[in-house]
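Contents: one structure, followed by commentary.
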Amino acid sequence: MSLKIVVPRTAVVHLLKSLIRPHIRHFSSPSVCRDYSGVLRSAGPKRYLSLLPVLDQIPLSPITWAEKGLQLAQASTGLPWWATIITCTIALRSTCTLPLAVQQRRRVARLESLQPLLDSWRQTIVHKVHLQGGNKLMVEKLYKEKRNELLKTYNCHPFKTILLPFVQIPLWITISLALRRMAAFPAPFLDAPPAALAGLVDGGSLWFIDLTAPDPTMIFPLSIGFLHLLNVELNRSTVAMGGGKEHRLLTFIFRTLAIIIIPVSTQVPMILSLFWATSAGFSVIQNCMFWLLRRAGKL
């Protein structure tokens, strides 16, 4: 005969809370949260797990997560801030947007190759409906059904070819707002810390030592504008979107934005200009790769 001991669930919960609460109180103290990067720098790699309770105190904001992630990357690698911004930008673009860009180009290529087949089916449907005495509405209905069937078969629906901006633009805005807050740069309708993050004032290189101040030489603002204009032209050459009014309007809008960003870049901190220039340069290299692959018939 065995004796079975039943422990109430509430007792277990209270026991776990009594064991964990002292650690949470320690790591959620204002001194620890205020100097987050200093804590990471003083703790060895094996003690990073002891900082997990801090995550419970971080608000669920993408901007906050981006800010803490950049501080963690800088503290873990020991790189200067200018190198951390460049490295993190390339890593984010390589893991988050590059795979989507490759898939988008492949779908666009399949959609372009499918266009002759769609035109042939339209002519066939028009001829068939004409023999049956149908009207134009019947033609459009039958063609739409056949078109959706072919797009589903070849996995190249036009909506799937525009998914990249829905990831790239929010990512660009989130990182920009996180860097703005780290540099304590004031912006309309947005709060700013009283002082910039420690290490940014002297975390630059060459002529941009202070990452919280704008570029005094206009090198970065002009480079950002040029790179964005180059991206617009490369996109026009690598994606055959036709010469319709919509395409011309989009091209005009993107060209205008590339010019507007030049005076904007003269007013923002160098940490933002560095991120924008690195992201735009990554896009140029990416589009050049796509152009070469398209010329070689591999994309």
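Residue numbering restarts at 1 in every chain; chains get A, B, ... in the order shown in the structure tokens, and ligands count up from 1 in that same order.
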With only C-alpha atoms as the counted atoms, please give the residues lying no more than 7 Å from Ile224 in chain A, apart from itself and same-chain residues fewer than 2 positions off, as a compact mmCIF listing (two decimals) with all heavy atoms, in the first residue's frame.
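Below is the file that was written, around-v1.txt:
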```txt
# COMPACT_ATOMS: atom_id res chain seq x y z
N PHE A 220 27.64 62.97 -46.05
CA PHE A 220 26.61 61.95 -45.84
C PHE A 220 25.26 62.35 -46.42
O PHE A 220 24.61 61.52 -47.07
CB PHE A 220 26.49 61.63 -44.35
CG PHE A 220 27.36 60.49 -43.91
CD1 PHE A 220 28.66 60.72 -43.47
CD2 PHE A 220 26.90 59.19 -43.94
CE1 PHE A 220 29.48 59.68 -43.07
CE2 PHE A 220 27.72 58.13 -43.54
CZ PHE A 220 29.00 58.38 -43.10
N PRO A 221 24.76 63.58 -46.23
CA PRO A 221 23.48 63.93 -46.85
C PRO A 221 23.47 63.78 -48.37
O PRO A 221 22.52 63.25 -48.94
CB PRO A 221 23.28 65.39 -46.42
CG PRO A 221 24.02 65.50 -45.13
CD PRO A 221 25.23 64.62 -45.30
N LEU A 222 24.54 64.24 -49.03
CA LEU A 222 24.60 64.12 -50.49
C LEU A 222 24.72 62.65 -50.90
O LEU A 222 24.12 62.23 -51.91
CB LEU A 222 25.77 64.92 -51.03
CG LEU A 222 25.65 66.45 -50.91
CD1 LEU A 222 26.93 67.13 -51.39
CD2 LEU A 222 24.46 66.95 -51.72
N PHE A 226 22.08 60.62 -53.30
CA PHE A 226 22.57 59.97 -54.52
C PHE A 226 22.27 58.47 -54.52
O PHE A 226 21.84 57.91 -55.54
CB PHE A 226 24.08 60.20 -54.65
CG PHE A 226 24.72 59.42 -55.76
CD1 PHE A 226 24.55 59.81 -57.09
CD2 PHE A 226 25.48 58.29 -55.49
CE1 PHE A 226 25.14 59.09 -58.12
CE2 PHE A 226 26.06 57.56 -56.51
CZ PHE A 226 25.89 57.96 -57.83
N LEU A 227 22.47 57.82 -53.38
CA LEU A 227 22.21 56.38 -53.30
C LEU A 227 20.73 56.06 -53.49
O LEU A 227 20.38 55.07 -54.16
CB LEU A 227 22.70 55.83 -51.95
CG LEU A 227 24.21 55.79 -51.75
CD1 LEU A 227 24.55 55.42 -50.32
CD2 LEU A 227 24.87 54.81 -52.72
N HIS A 228 19.84 56.89 -52.95
CA HIS A 228 18.41 56.67 -53.14
C HIS A 228 18.00 56.88 -54.60
O HIS A 228 17.19 56.12 -55.14
CB HIS A 228 17.61 57.59 -52.23
CG HIS A 228 17.47 57.07 -50.83
ND1 HIS A 228 18.38 57.33 -49.84
CD2 HIS A 228 16.52 56.29 -50.25
CE1 HIS A 228 18.01 56.76 -48.71
NE2 HIS A 228 16.89 56.11 -48.93
N ILE A 262 17.79 64.79 -48.68
CA ILE A 262 19.09 65.46 -48.57
C ILE A 262 19.04 66.58 -47.52
O ILE A 262 19.85 66.59 -46.58
CB ILE A 262 19.55 65.99 -49.94
CG1 ILE A 262 19.80 64.82 -50.89
CG2 ILE A 262 20.82 66.83 -49.80
CD1 ILE A 262 20.19 65.24 -52.29
N TRP A 276 21.04 55.48 -42.39
CA TRP A 276 20.39 55.68 -43.68
C TRP A 276 21.35 55.41 -44.84
O TRP A 276 20.96 54.78 -45.83
CB TRP A 276 19.86 57.11 -43.77
CG TRP A 276 18.72 57.39 -42.85
CD1 TRP A 276 18.05 56.47 -42.08
CD2 TRP A 276 18.12 58.65 -42.57
NE1 TRP A 276 17.07 57.09 -41.35
CE2 TRP A 276 17.08 58.43 -41.62
CE3 TRP A 276 18.34 59.95 -43.01
CZ2 TRP A 276 16.28 59.47 -41.13
CZ3 TRP A 276 17.55 60.98 -42.52
CH2 TRP A 276 16.53 60.74 -41.60
N ALA A 277 22.58 55.88 -44.71
CA ALA A 277 23.56 55.66 -45.78
C ALA A 277 23.90 54.18 -45.93
O ALA A 277 24.00 53.66 -47.05
CB ALA A 277 24.82 56.47 -45.51
N ALA A 280 20.87 52.41 -47.55
CA ALA A 280 20.78 52.74 -48.97
C ALA A 280 21.90 52.08 -49.77
O ALA A 280 21.69 51.59 -50.89
CB ALA A 280 20.82 54.26 -49.16
```
Picked from range 33-244 of chain A by DSSP as alpha helix (DSSP H), as a PyMOL selection string: chain A and resi 33-34+36-42+52-55+62-77+81-92+98-131+136-154+163-182+219-238
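Proximity ranking of A:Ile86, A:Ala192, A:Val201, A:Leu163 relative to Gln104 in chain A places A:Leu163 first, based on only C-alpha atoms.
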Residues of range 181-277 of chain A in strand (DSSP E or B) according to DSSP, as number ranges by chain? A: 187, 190, 205, 208
Output file for the selection above: N, CA and C atoms, as a short mmCIF file (atom, residue, chain, number, x, y, z; two decimals), in the first residue's frame:
```cif
data_model
loop_
_atom_site.label_atom_id
_atom_site.label_comp_id
_atom_site.auth_asym_id
_atom_site.auth_seq_id
_atom_site.Cartn_x
_atom_site.Cartn_y
_atom_site.Cartn_z
N ALA A 187 12.09 65.70 -31.73
CA ALA A 187 11.27 65.61 -32.93
C ALA A 187 9.84 65.96 -32.56
N LEU A 190 7.17 63.72 -30.39
CA LEU A 190 7.91 62.59 -29.82
C LEU A 190 8.76 63.08 -28.66
N SER A 205 33.94 58.29 -36.05
CA SER A 205 35.28 58.12 -36.62
C SER A 205 35.50 59.20 -37.67
N PHE A 208 33.34 62.50 -38.36
CA PHE A 208 32.07 62.44 -37.63
C PHE A 208 32.28 61.76 -36.27
#
```
Extract, using only C-alpha atoms, all DNA, RNA and protein residues at most 12 Å from Val268 in chain A, discarding same-chain residues fewer than 4 positions from it, and format them as a ChimeraX atom specification. /A:176-177,179-181,183-187,211-216,218,220-221,261-264,272-276
Quick one: residues within 12 Å of Ile285 in chain A, only C-alpha atoms, excluding same-chain residues fewer than 2 positions away - as a PyMOL selection string? chain A and resi 90+93-94+98+227-228+230-231+234-235+278-283+287-292
Go ahead and write the residues just picked, C-alpha atoms, as a compact mmCIF listing (two decimals), in the first residue's frame.
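Result file is selection-v2.txt:
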```
# COMPACT_ATOMS: atom_id res chain seq x y z
CA ILE A 90 23.83 44.90 -42.71
CA ARG A 93 18.92 43.77 -44.06
CA SER A 94 20.57 40.43 -44.81
CA LEU A 98 17.15 40.23 -48.55
CA LEU A 227 22.21 56.38 -53.30
CA HIS A 228 18.41 56.67 -53.14
CA LEU A 230 20.53 55.31 -57.88
CA ASN A 231 18.19 52.76 -56.27
CA LEU A 234 18.21 50.42 -60.72
CA ASN A 235 14.69 49.31 -59.79
CA THR A 278 24.37 52.04 -44.88
CA SER A 279 20.82 50.90 -45.65
CA ALA A 280 20.78 52.74 -48.97
CA GLY A 281 24.21 51.37 -49.88
CA PHE A 282 23.02 47.85 -49.09
CA SER A 283 20.05 48.39 -51.42
CA ASN A 287 19.90 45.83 -56.86
CA CYS A 288 23.22 45.60 -58.74
CA MET A 289 23.32 41.88 -57.90
CA PHE A 290 19.77 41.46 -59.19
CA TRP A 291 20.67 43.35 -62.37
CA LEU A 292 23.67 41.09 -63.02
```
Leaving out range 134-145 of chain A and any residue of its chain fewer than 4 positions from it, which residues lie within 8 Å of it when counting only C-alpha atoms, given as a ChimeraX atom specification? /A:121-122,125-126,129-130,149
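In this model, the gap between CA of Leu293 in chain A and CA of Ala91 in chain A comes to 22.3 Å.
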For the atom pair CA of Ala178 in chain A and CA of Glu67 in chain A, what is the interatomic distance in Å to one decimal place? 5.2 Å
Nearest-residue call for Leu79 in chain A, choices A:Gln267, A:Ile219, A:Leu229, A:Gly204, using only C-alpha atoms: A:Gly204
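Nearest to Glu112 in chain A of all the residues A:His157, A:Gly69, A:Thr97, A:Ile85 is A:His157, counting only C-alpha atoms.
Within the 12 Å cut-off around Ser113 in chain A, using only C-alpha atoms and omitting residues fewer than 4 positions from it on the same chain, the listed residues are Arg106, Arg107, Val108, Ala109, Leu117, Leu118, Asp119, Leu150, Leu151, Tyr154, Cys156, Ala240 and Leu299 of chain A.
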Dump C-alpha atoms for the selected residues as a PDB file, in the first residue's frame?
```pdb
ATOM      1  CA  ARG A 106      11.509  35.565 -58.642  1.00  0.00           C
ATOM      2  CA  ARG A 107       7.750  36.142 -58.471  1.00  0.00           C
ATOM      3  CA  VAL A 108       8.049  39.214 -60.704  1.00  0.00           C
ATOM      4  CA  ALA A 109      10.058  37.164 -63.215  1.00  0.00           C
ATOM      5  CA  LEU A 117       0.033  32.968 -71.691  1.00  0.00           C
ATOM      6  CA  LEU A 118      -2.501  35.303 -70.056  1.00  0.00           C
ATOM      7  CA  ASP A 119      -2.844  37.288 -73.277  1.00  0.00           C
ATOM      8  CA  LEU A 150      -2.843  30.526 -63.332  1.00  0.00           C
ATOM      9  CA  LEU A 151      -1.486  32.982 -60.768  1.00  0.00           C
ATOM     10  CA  TYR A 154       2.615  29.618 -60.673  1.00  0.00           C
ATOM     11  CA  CYS A 156       3.077  34.812 -58.616  1.00  0.00           C
ATOM     12  CA  ALA A 240       9.925  45.651 -66.161  1.00  0.00           C
ATOM     13  CA  LEU A 299      16.735  35.475 -62.000  1.00  0.00           C
TER      14      LEU A 299
END
```
